[in-house]
$ cat protein-v7.cif   # mmCIF, C-alpha atoms
data_my_file
#
loop_
_atom_site.group_PDB
_atom_site.id
_atom_site.type_symbol
_atom_site.label_atom_id
_atom_site.label_comp_id
_atom_site.auth_asym_id
_atom_site.auth_seq_id
_atom_site.Cartn_x
_atom_site.Cartn_y
_atom_site.Cartn_z
ATOM 1 C CA MET A 1 -129.729 -33.400 -44.234
ATOM 2 C CA SER A 2 -129.741 -30.319 -42.037
ATOM 3 C CA THR A 3 -126.978 -27.765 -42.269
ATOM 4 C CA ARG A 4 -124.182 -28.469 -39.788
ATOM 5 C CA ILE A 5 -122.750 -25.566 -37.808
ATOM 6 C CA LEU A 6 -119.759 -25.648 -35.464
ATOM 7 C CA VAL A 7 -119.214 -22.887 -32.901
ATOM 8 C CA VAL A 8 -115.788 -22.927 -31.230
ATOM 9 C CA TYR A 9 -114.876 -20.396 -28.565
ATOM 10 C CA TYR A 10 -112.406 -19.532 -25.849
ATOM 11 C CA SER A 11 -113.762 -17.676 -22.834
ATOM 12 C CA ALA A 12 -111.875 -16.477 -19.760
ATOM 13 C CA THR A 13 -114.792 -15.181 -17.687
ATOM 14 C CA GLY A 14 -117.895 -16.418 -19.522
ATOM 15 C CA ASN A 15 -118.764 -13.449 -21.720
ATOM 16 C CA THR A 16 -117.493 -14.957 -24.972
ATOM 17 C CA ALA A 17 -119.252 -18.201 -24.047
ATOM 18 C CA LYS A 18 -122.544 -16.306 -23.783
ATOM 19 C CA LEU A 19 -122.010 -14.847 -27.254
ATOM 20 C CA ALA A 20 -121.235 -18.338 -28.563
ATOM 21 C CA SER A 21 -124.468 -19.687 -27.103
ATOM 22 C CA ALA A 22 -126.488 -16.854 -28.658
ATOM 23 C CA LEU A 23 -124.920 -17.484 -32.073
ATOM 24 C CA ALA A 24 -125.693 -21.187 -31.712
ATOM 25 C CA ASP A 25 -129.313 -20.365 -30.822
ATOM 26 C CA GLY A 26 -129.621 -18.268 -33.974
ATOM 27 C CA ALA A 27 -128.276 -21.108 -36.103
ATOM 28 C CA ARG A 28 -130.769 -23.502 -34.513
ATOM 29 C CA GLU A 29 -133.581 -21.048 -35.273
ATOM 30 C CA ALA A 30 -132.550 -21.483 -38.915
ATOM 31 C CA GLU A 31 -132.958 -25.258 -38.442
ATOM 32 C CA ALA A 32 -129.251 -26.084 -38.401
ATOM 33 C CA GLU A 33 -127.669 -28.903 -36.442
ATOM 34 C CA VAL A 34 -125.220 -27.218 -34.090
ATOM 35 C CA ARG A 35 -122.183 -28.273 -32.093
ATOM 36 C CA VAL A 36 -120.784 -25.844 -29.515
ATOM 37 C CA ARG A 37 -117.216 -26.567 -28.457
ATOM 38 C CA THR A 38 -114.530 -24.882 -26.391
ATOM 39 C CA VAL A 39 -110.738 -25.130 -26.298
ATOM 40 C CA PRO A 40 -108.409 -26.008 -23.411
ATOM 41 C CA GLU A 41 -107.261 -23.402 -20.924
ATOM 42 C CA THR A 42 -103.495 -23.129 -21.265
ATOM 43 C CA ALA A 43 -102.736 -19.995 -19.237
ATOM 44 C CA PRO A 44 -100.453 -20.472 -16.216
ATOM 45 C CA PRO A 45 -102.372 -21.050 -12.970
ATOM 46 C CA GLY A 46 -100.895 -17.868 -11.515
ATOM 47 C CA ALA A 47 -102.322 -15.781 -14.339
ATOM 48 C CA VAL A 48 -105.748 -17.345 -13.889
ATOM 49 C CA ALA A 49 -105.660 -16.805 -10.129
ATOM 50 C CA SER A 50 -104.853 -13.114 -10.607
ATOM 51 C CA ASN A 51 -108.422 -12.509 -11.815
ATOM 52 C CA PRO A 52 -111.208 -13.842 -9.535
ATOM 53 C CA ARG A 53 -113.727 -13.998 -12.398
ATOM 54 C CA TRP A 54 -111.250 -15.950 -14.545
ATOM 55 C CA GLN A 55 -110.561 -18.388 -11.693
ATOM 56 C CA ALA A 56 -114.298 -18.826 -11.043
ATOM 57 C CA TRP A 57 -114.943 -19.593 -14.714
ATOM 58 C CA VAL A 58 -112.171 -22.191 -14.815
ATOM 59 C CA ASP A 59 -113.358 -23.772 -11.564
ATOM 60 C CA ALA A 60 -116.921 -24.016 -12.888
ATOM 61 C CA GLY A 61 -115.863 -25.887 -16.059
ATOM 62 C CA PRO A 62 -115.753 -27.756 -18.260
ATOM 63 C CA HIS A 63 -118.500 -25.770 -19.967
ATOM 64 C CA HIS A 64 -118.595 -27.618 -23.302
ATOM 65 C CA GLU A 65 -116.797 -30.485 -24.950
ATOM 66 C CA THR A 66 -113.344 -29.742 -26.319
ATOM 67 C CA ALA A 67 -113.198 -28.968 -30.037
ATOM 68 C CA THR A 68 -111.612 -31.541 -32.333
ATOM 69 C CA LEU A 69 -110.560 -31.491 -35.959
ATOM 70 C CA GLU A 70 -113.323 -34.021 -36.622
ATOM 71 C CA ASP A 71 -115.847 -31.410 -35.492
ATOM 72 C CA LEU A 72 -114.421 -28.972 -38.016
ATOM 73 C CA GLU A 73 -114.431 -31.503 -40.853
ATOM 74 C CA TRP A 74 -118.059 -32.365 -39.983
ATOM 75 C CA ALA A 75 -119.275 -28.771 -40.226
ATOM 76 C CA ASP A 76 -120.656 -26.901 -43.233
ATOM 77 C CA GLY A 77 -120.282 -23.591 -41.418
ATOM 78 C CA PHE A 78 -117.940 -22.487 -38.660
ATOM 79 C CA ALA A 79 -117.906 -19.673 -36.094
ATOM 80 C CA ALA A 80 -114.882 -18.831 -33.949
ATOM 81 C CA GLY A 81 -115.041 -16.614 -30.879
ATOM 82 C CA SER A 82 -112.414 -15.181 -28.557
ATOM 83 C CA PRO A 83 -111.847 -12.233 -26.253
ATOM 84 C CA THR A 84 -109.416 -9.694 -27.636
ATOM 85 C CA ARG A 85 -105.779 -10.175 -26.739
ATOM 86 C CA PHE A 86 -103.803 -7.130 -27.877
ATOM 87 C CA GLY A 87 -105.795 -6.888 -31.090
ATOM 88 C CA GLY A 88 -105.855 -10.596 -31.908
ATOM 89 C CA PRO A 89 -107.525 -13.827 -30.794
ATOM 90 C CA ALA A 90 -106.435 -15.459 -27.558
ATOM 91 C CA ALA A 91 -103.627 -18.015 -27.804
ATOM 92 C CA GLN A 92 -105.994 -20.716 -26.563
ATOM 93 C CA LEU A 93 -108.247 -20.366 -29.629
ATOM 94 C CA LYS A 94 -105.336 -19.672 -31.959
ATOM 95 C CA SER A 95 -103.726 -22.956 -30.895
ATOM 96 C CA PHE A 96 -106.778 -24.876 -32.134
ATOM 97 C CA LEU A 97 -106.863 -22.937 -35.395
ATOM 98 C CA ASP A 98 -103.127 -23.508 -35.832
ATOM 99 C CA SER A 99 -103.737 -27.266 -35.630
ATOM 100 C CA THR A 100 -105.826 -27.297 -38.824
ATOM 101 C CA GLY A 101 -102.870 -27.567 -41.215
ATOM 102 C CA GLY A 102 -103.581 -31.201 -42.029
ATOM 103 C CA LEU A 103 -107.186 -30.464 -43.020
ATOM 104 C CA TRP A 104 -106.019 -27.422 -44.987
ATOM 105 C CA ALA A 105 -103.429 -29.483 -46.884
ATOM 106 C CA LYS A 106 -106.111 -31.985 -47.905
ATOM 107 C CA GLY A 107 -108.508 -29.248 -49.055
ATOM 108 C CA LYS A 108 -111.031 -30.191 -46.367
ATOM 109 C CA LEU A 109 -111.686 -26.581 -45.370
ATOM 110 C CA VAL A 110 -112.304 -25.143 -48.842
ATOM 111 C CA ASN A 111 -115.696 -23.459 -49.208
ATOM 112 C CA LYS A 112 -116.712 -23.890 -45.599
ATOM 113 C CA VAL A 113 -118.535 -20.736 -44.515
ATOM 114 C CA ALA A 114 -116.686 -19.071 -41.627
ATOM 115 C CA THR A 115 -117.379 -16.131 -39.337
ATOM 116 C CA SER A 116 -116.002 -14.788 -36.054
ATOM 117 C CA PHE A 117 -116.940 -12.799 -32.967
ATOM 118 C CA THR A 118 -115.233 -11.259 -29.941
ATOM 119 C CA THR A 119 -115.422 -9.442 -26.619
ATOM 120 C CA ALA A 120 -113.299 -6.779 -24.917
ATOM 121 C CA SER A 121 -113.279 -4.846 -21.660
ATOM 122 C CA THR A 122 -112.660 -1.434 -23.252
ATOM 123 C CA ALA A 123 -114.444 0.386 -26.053
ATOM 124 C CA HIS A 124 -111.389 0.553 -28.291
ATOM 125 C CA GLY A 125 -109.765 -2.636 -27.092
ATOM 126 C CA GLY A 126 -109.208 -4.273 -30.467
ATOM 127 C CA LEU A 127 -112.644 -5.677 -31.298
ATOM 128 C CA GLU A 128 -112.477 -5.171 -35.049
ATOM 129 C CA ALA A 129 -108.790 -6.084 -35.207
ATOM 130 C CA THR A 130 -109.483 -9.381 -33.441
ATOM 131 C CA VAL A 131 -112.281 -10.333 -35.829
ATOM 132 C CA LEU A 132 -110.175 -9.417 -38.854
ATOM 133 C CA ALA A 133 -107.140 -11.285 -37.504
ATOM 134 C CA THR A 134 -109.234 -14.399 -36.968
ATOM 135 C CA ASN A 135 -110.683 -14.091 -40.451
ATOM 136 C CA ASN A 136 -107.165 -14.061 -41.919
ATOM 137 C CA ILE A 137 -106.945 -17.761 -41.081
ATOM 138 C CA PHE A 138 -110.142 -18.440 -43.012
ATOM 139 C CA TYR A 139 -108.715 -16.814 -46.137
ATOM 140 C CA HIS A 140 -105.845 -19.290 -46.070
ATOM 141 C CA TRP A 141 -108.296 -22.159 -45.728
ATOM 142 C CA GLY A 142 -110.135 -21.082 -48.867
ATOM 143 C CA ALA A 143 -113.248 -20.630 -46.755
ATOM 144 C CA ILE A 144 -116.101 -18.280 -47.614
ATOM 145 C CA VAL A 145 -115.623 -15.510 -45.049
ATOM 146 C CA LEU A 146 -118.990 -14.278 -43.829
ATOM 147 C CA PRO A 147 -119.270 -10.838 -42.205
ATOM 148 C CA LEU A 148 -122.185 -9.899 -40.014
ATOM 149 C CA GLY A 149 -122.670 -6.747 -42.059
ATOM 150 C CA TYR A 150 -125.502 -4.294 -41.579
ATOM 151 C CA THR A 151 -127.905 -6.977 -42.757
ATOM 152 C CA ASP A 152 -130.642 -6.010 -40.302
ATOM 153 C CA PRO A 153 -131.624 -2.517 -39.061
ATOM 154 C CA ARG A 154 -130.949 -3.606 -35.476
ATOM 155 C CA LEU A 155 -127.276 -4.069 -36.322
ATOM 156 C CA LEU A 156 -126.859 -0.343 -36.897
ATOM 157 C CA GLU A 157 -126.992 -0.056 -33.091
ATOM 158 C CA SER A 158 -124.556 -2.870 -32.295
ATOM 159 C CA GLY A 159 -122.065 -1.211 -34.620
ATOM 160 C CA ASN A 160 -119.770 -3.975 -35.831
ATOM 161 C CA PRO A 161 -120.242 -5.149 -39.433
ATOM 162 C CA TYR A 162 -117.228 -7.478 -39.248
ATOM 163 C CA GLY A 163 -118.576 -9.838 -36.599
ATOM 164 C CA GLY A 164 -120.602 -9.758 -33.399
ATOM 165 C CA SER A 165 -118.891 -8.153 -30.415
ATOM 166 C CA PHE A 166 -119.454 -6.851 -26.912
ATOM 167 C CA VAL A 167 -117.650 -4.360 -24.676
ATOM 168 C CA SER A 168 -117.774 -5.508 -21.052
ATOM 169 C CA ARG A 169 -117.476 -2.279 -19.104
ATOM 170 C CA LYS A 170 -116.935 -2.858 -15.365
ATOM 171 C CA SER A 171 -117.223 -6.644 -15.876
ATOM 172 C CA ALA A 172 -120.738 -6.381 -17.319
ATOM 173 C CA GLU A 173 -122.288 -9.445 -18.951
ATOM 174 C CA PRO A 174 -123.440 -9.285 -22.597
ATOM 175 C CA ASP A 175 -126.577 -7.216 -23.005
ATOM 176 C CA ASP A 176 -129.616 -7.942 -25.156
ATOM 177 C CA LEU A 177 -128.281 -5.783 -28.000
ATOM 178 C CA ALA A 178 -125.110 -7.860 -28.274
ATOM 179 C CA LEU A 179 -126.883 -11.196 -27.866
ATOM 180 C CA ASP A 180 -129.424 -10.281 -30.527
ATOM 181 C CA ALA A 181 -126.608 -9.442 -32.945
ATOM 182 C CA LEU A 182 -125.036 -12.846 -32.315
ATOM 183 C CA ARG A 183 -128.346 -14.612 -32.917
ATOM 184 C CA LEU A 184 -128.625 -12.766 -36.217
ATOM 185 C CA GLN A 185 -125.064 -13.807 -37.039
ATOM 186 C CA GLY A 186 -125.930 -17.428 -36.293
ATOM 187 C CA ARG A 187 -128.997 -17.355 -38.512
ATOM 188 C CA ARG A 188 -126.975 -15.761 -41.301
ATOM 189 C CA LEU A 189 -124.232 -18.368 -40.943
ATOM 190 C CA ALA A 190 -126.717 -21.235 -41.087
ATOM 191 C CA THR A 191 -128.601 -19.755 -44.046
ATOM 192 C CA VAL A 192 -125.532 -19.085 -46.188
ATOM 193 C CA SER A 193 -123.998 -22.435 -45.232
ATOM 194 C CA ARG A 194 -127.184 -24.093 -46.441
ATOM 195 C CA TYR A 195 -126.883 -22.333 -49.815
ATOM 196 C CA VAL A 196 -123.359 -23.673 -50.179
ATOM 197 C CA ALA A 197 -124.198 -27.186 -48.973
ATOM 198 C CA ASP A 198 -127.153 -27.350 -51.381
ATOM 199 C CA GLY A 199 -124.922 -26.508 -54.318
ATOM 200 C CA LEU A 200 -126.348 -23.050 -54.921
ATOM 201 C CA PHE A 201 -122.821 -21.650 -54.676
ATOM 202 C CA LYS A 202 -120.576 -22.762 -57.542
ATOM 203 C CA ASP A 203 -116.821 -22.338 -57.133
ATOM 204 C CA GLY A 204 -115.218 -21.297 -60.418
#

$ encode --input "protein-v7.cif" --output "structure tokens"
Amino acid sequence: MSTRILVVYYSATGNTAKLASALADGAREAEAEVRVRTVPETAPPGAVASNPRWQAWVDAGPHHETATLEDLEWADGFAAGSPTRFGGPAAQLKSFLDSTGGLWAKGKLVNKVATSFTTASTAHGGLEATVLATNNIFYHWGAIVLPLGYTDPRLLESGNPYGGSFVSRKSAEPDDLALDALRLQGRRLATVSRYVADGLFKDG
């Protein structure tokens, strides 16, 4: 059986979705079976309408199927992506992660390999804090938290060892440097998830 990778993201304007797609491509390059899922938009219509790019993204959807707990139980490896929201993941993604208590209580999330990624509109807008805050959930699951690390010389330029990220200055779309980092993250997630699924990782 191929390694099964789930990528779940929330995107307000499409940038985080592009990172999610790049990560998924990297996992497929490592011969993983991949599901890409999104989460529902729960922001008030007035808030969405206040940003033309946000409204356009919502109007153009749905962009992927909505994530379910079955998707998460199915996966060997999991990636979560969100734009920064005051140094943490967006409530839309957090709501999905908060719904995993039943799987957690049954031990269904133990030893899944998990990683995260993010976007922001300013250089110091909470990128690392958002990745680390998302990873805190994985610790509670008993997951194997997988950083991107400086595992490839190209990542010394992208500059985030915690998880792939992109700074969207003046509403810019993700550049090749950021997308390449996410593809590397996807390949790393699929590879390590395969080690675990094949029994090469022994807990205890």

$ atom_distance --input "protein-v7.cif" --atom1 "CA of Tyr10 in chain A" --atom2 "CA of Trp104 in chain A"
21.7 Å

$ closest_residue --input "protein-v7.cif" --among "A:Gly14, A:Gly77, A:Gly164, A:Pro52" --to "Thr38 in chain A" --atoms "all atoms listed in the file"
A:Gly14

$ resolve_selection --input "protein-v7.cif" --expression "the PyMOL selection byres ((chain A and resi 139-147) around 7)" --output "PyMOL selection string"
chain A and resi 104+109-115+135-138+148-149+161-163

$ resolve_selection --input "protein-v7.cif" --expression "the PyMOL selection byres ((chain A and resi 37) around 8)" --output "ChimeraX atom specification"
/A:6-9,35-36,38-39,64-67

$ residues_near_point --input "protein-v7.cif" --point "(-119.7, -22.3, -23.4)" --cutoff "7 Å" --atoms "all atoms listed in the file" --output "short mmCIF file (atom, residue, chain, number, x, y, z; two decimals) with C-alpha atoms, keeping the file's coordinate frame"
data_model
loop_
_atom_site.label_atom_id
_atom_site.label_comp_id
_atom_site.auth_asym_id
_atom_site.auth_seq_id
_atom_site.Cartn_x
_atom_site.Cartn_y
_atom_site.Cartn_z
CA ALA A 17 -119.25 -18.20 -24.05
CA LYS A 18 -122.54 -16.31 -23.78
CA ALA A 20 -121.24 -18.34 -28.56
CA SER A 21 -124.47 -19.69 -27.10
CA THR A 38 -114.53 -24.88 -26.39
CA HIS A 63 -118.50 -25.77 -19.97
CA HIS A 64 -118.60 -27.62 -23.30
#

$ resolve_selection --input "protein-v7.cif" --expression "the PyMOL selection byres ((chain A and resi 23) around 8)" --output "list in words"
Val7, Leu19, Ala20, Ser21, Ala22, Ala24, Asp25, Gly26, Ala27, Leu179, Leu182, Arg183, Leu184, Gln185, Gly186 and Arg187 of chain A

$ atom_distance --input "protein-v7.cif" --atom1 "CA of Gly107 in chain A" --atom2 "CA of Leu72 in chain A"
12.5 Å

$ atom_distance --input "protein-v7.cif" --atom1 "CA of Arg85 in chain A" --atom2 "CA of Thr118 in chain A"
10.0 Å

$ closest_residue --input "protein-v7.cif" --among "A:Met1, A:Ser165, A:Asp198, A:Asn15" --to "Trp57 in chain A" --atoms "only C-alpha atoms"
A:Asn15

$ closest_residue --input "protein-v7.cif" --among "A:Val131, A:Ala32, A:Leu97, A:Ala12" --to "Gly61 in chain A" --atoms "all atoms listed in the file"
A:Ala12

$ closest_residue --input "protein-v7.cif" --among "A:Arg194, A:Lys94, A:Arg169, A:Arg28" --to "Gly125 in chain A" --atoms "all atoms listed in the file"
A:Arg169

$ residues_around --input "protein-v7.cif" --residues "Lys170 in chain A" --least-positions-apart "4" --cutoff "12 Å" --atoms "all atoms listed in the file" --output "PyMOL selection string"
chain A and resi 53+120-123+174

$ closest_residue --input "protein-v7.cif" --among "A:Ala47, A:Ala133, A:Leu189, A:Leu69" --to "Ser82 in chain A" --atoms "only C-alpha atoms"
A:Ala133

$ residues_around --input "protein-v7.cif" --residues "Glu73 in chain A" --least-positions-apart "3" --cutoff "9 Å" --atoms "only C-alpha atoms" --output "MDAnalysis selection string"
chainID A and resid 68:70 76 103 108:109

$ closest_residue --input "protein-v7.cif" --among "A:Ala43, A:Ile5, A:Ala190, A:Leu132" --to "Pro89 in chain A" --atoms "all atoms listed in the file"
A:Leu132

$ build_atoms --input "protein-v7.cif" --residues "range 81-92 of chain A" --atoms "all heavy atoms" --output "PDB file, in the coordinates of the input"
ATOM      1  N   GLY A  81    -114.920 -17.755 -31.775  1.00  0.00           N
ATOM      2  CA  GLY A  81    -115.041 -16.614 -30.879  1.00  0.00           C
ATOM      3  C   GLY A  81    -113.951 -16.571 -29.834  1.00  0.00           C
ATOM      4  O   GLY A  81    -113.545 -17.609 -29.297  1.00  0.00           O
ATOM      5  N   SER A  82    -113.479 -15.358 -29.537  1.00  0.00           N
ATOM      6  CA  SER A  82    -112.414 -15.181 -28.557  1.00  0.00           C
ATOM      7  C   SER A  82    -112.466 -13.776 -27.992  1.00  0.00           C
ATOM      8  O   SER A  82    -112.812 -12.833 -28.710  1.00  0.00           O
ATOM      9  CB  SER A  82    -111.043 -15.388 -29.229  1.00  0.00           C
ATOM     10  OG  SER A  82    -109.988 -14.977 -28.381  1.00  0.00           O
ATOM     11  N   PRO A  83    -112.090 -13.600 -26.722  1.00  0.00           N
ATOM     12  CA  PRO A  83    -111.847 -12.233 -26.253  1.00  0.00           C
ATOM     13  C   PRO A  83    -110.636 -11.645 -26.967  1.00  0.00           C
ATOM     14  O   PRO A  83    -109.797 -12.382 -27.499  1.00  0.00           O
ATOM     15  CB  PRO A  83    -111.560 -12.429 -24.752  1.00  0.00           C
ATOM     16  CG  PRO A  83    -111.122 -13.848 -24.622  1.00  0.00           C
ATOM     17  CD  PRO A  83    -111.829 -14.615 -25.694  1.00  0.00           C
ATOM     18  N   THR A  84    -110.571 -10.339 -27.009  1.00  0.00           N
ATOM     19  CA  THR A  84    -109.416  -9.694 -27.636  1.00  0.00           C
ATOM     20  C   THR A  84    -108.176  -9.887 -26.771  1.00  0.00           C
ATOM     21  O   THR A  84    -108.241  -9.825 -25.547  1.00  0.00           O
ATOM     22  CB  THR A  84    -109.643  -8.185 -27.829  1.00  0.00           C
ATOM     23  OG1 THR A  84    -109.739  -7.563 -26.545  1.00  0.00           O
ATOM     24  CG2 THR A  84    -110.892  -7.913 -28.618  1.00  0.00           C
ATOM     25  N   ARG A  85    -107.067 -10.116 -27.429  1.00  0.00           N
ATOM     26  CA  ARG A  85    -105.779 -10.175 -26.739  1.00  0.00           C
ATOM     27  C   ARG A  85    -104.797  -9.329 -27.549  1.00  0.00           C
ATOM     28  O   ARG A  85    -104.238  -9.796 -28.530  1.00  0.00           O
ATOM     29  CB  ARG A  85    -105.282 -11.617 -26.613  1.00  0.00           C
ATOM     30  CG  ARG A  85    -106.094 -12.483 -25.648  1.00  0.00           C
ATOM     31  CD  ARG A  85    -105.917 -11.986 -24.199  1.00  0.00           C
ATOM     32  NE  ARG A  85    -106.627 -12.843 -23.248  1.00  0.00           N
ATOM     33  CZ  ARG A  85    -107.844 -12.606 -22.780  1.00  0.00           C
ATOM     34  NH1 ARG A  85    -108.517 -11.529 -23.218  1.00  0.00           N
ATOM     35  NH2 ARG A  85    -108.403 -13.411 -21.906  1.00  0.00           N
ATOM     36  N   PHE A  86    -104.698  -8.055 -27.176  1.00  0.00           N
ATOM     37  CA  PHE A  86    -103.803  -7.130 -27.877  1.00  0.00           C
ATOM     38  C   PHE A  86    -104.108  -7.081 -29.370  1.00  0.00           C
ATOM     39  O   PHE A  86    -103.205  -7.074 -30.203  1.00  0.00           O
ATOM     40  CB  PHE A  86    -102.342  -7.504 -27.621  1.00  0.00           C
ATOM     41  CG  PHE A  86    -101.989  -7.552 -26.159  1.00  0.00           C
ATOM     42  CD1 PHE A  86    -101.737  -8.757 -25.529  1.00  0.00           C
ATOM     43  CD2 PHE A  86    -101.939  -6.387 -25.410  1.00  0.00           C
ATOM     44  CE1 PHE A  86    -101.426  -8.814 -24.177  1.00  0.00           C
ATOM     45  CE2 PHE A  86    -101.630  -6.431 -24.054  1.00  0.00           C
ATOM     46  CZ  PHE A  86    -101.370  -7.647 -23.436  1.00  0.00           C
ATOM     47  N   GLY A  87    -105.391  -7.035 -29.702  1.00  0.00           N
ATOM     48  CA  GLY A  87    -105.795  -6.888 -31.090  1.00  0.00           C
ATOM     49  C   GLY A  87    -105.845  -8.172 -31.882  1.00  0.00           C
ATOM     50  O   GLY A  87    -105.993  -8.141 -33.111  1.00  0.00           O
ATOM     51  N   GLY A  88    -105.769  -9.312 -31.220  1.00  0.00           N
ATOM     52  CA  GLY A  88    -105.855 -10.596 -31.908  1.00  0.00           C
ATOM     53  C   GLY A  88    -106.578 -11.610 -31.042  1.00  0.00           C
ATOM     54  O   GLY A  88    -106.905 -11.332 -29.881  1.00  0.00           O
ATOM     55  N   PRO A  89    -106.858 -12.792 -31.591  1.00  0.00           N
ATOM     56  CA  PRO A  89    -107.525 -13.827 -30.794  1.00  0.00           C
ATOM     57  C   PRO A  89    -106.615 -14.370 -29.711  1.00  0.00           C
ATOM     58  O   PRO A  89    -105.383 -14.347 -29.832  1.00  0.00           O
ATOM     59  CB  PRO A  89    -107.858 -14.902 -31.838  1.00  0.00           C
ATOM     60  CG  PRO A  89    -106.846 -14.720 -32.914  1.00  0.00           C
ATOM     61  CD  PRO A  89    -106.574 -13.245 -32.963  1.00  0.00           C
ATOM     62  N   ALA A  90    -107.195 -14.863 -28.645  1.00  0.00           N
ATOM     63  CA  ALA A  90    -106.435 -15.459 -27.558  1.00  0.00           C
ATOM     64  C   ALA A  90    -105.643 -16.665 -28.048  1.00  0.00           C
ATOM     65  O   ALA A  90    -106.071 -17.391 -28.955  1.00  0.00           O
ATOM     66  CB  ALA A  90    -107.376 -15.882 -26.436  1.00  0.00           C
ATOM     67  N   ALA A  91    -104.491 -16.891 -27.418  1.00  0.00           N
ATOM     68  CA  ALA A  91    -103.627 -18.015 -27.804  1.00  0.00           C
ATOM     69  C   ALA A  91    -104.355 -19.348 -27.694  1.00  0.00           C
ATOM     70  O   ALA A  91    -104.084 -20.271 -28.473  1.00  0.00           O
ATOM     71  CB  ALA A  91    -102.379 -18.022 -26.925  1.00  0.00           C
ATOM     72  N   GLN A  92    -105.279 -19.458 -26.753  1.00  0.00           N
ATOM     73  CA  GLN A  92    -105.994 -20.716 -26.563  1.00  0.00           C
ATOM     74  C   GLN A  92    -106.792 -21.079 -27.823  1.00  0.00           C
ATOM     75  O   GLN A  92    -106.778 -22.235 -28.269  1.00  0.00           O
ATOM     76  CB  GLN A  92    -106.917 -20.618 -25.346  1.00  0.00           C
ATOM     77  CG  GLN A  92    -106.170 -20.534 -24.013  1.00  0.00           C
ATOM     78  CD  GLN A  92    -105.810 -19.103 -23.616  1.00  0.00           C
ATOM     79  OE1 GLN A  92    -105.727 -18.202 -24.460  1.00  0.00           O
ATOM     80  NE2 GLN A  92    -105.595 -18.887 -22.328  1.00  0.00           N
TER      81      GLN A  92
END
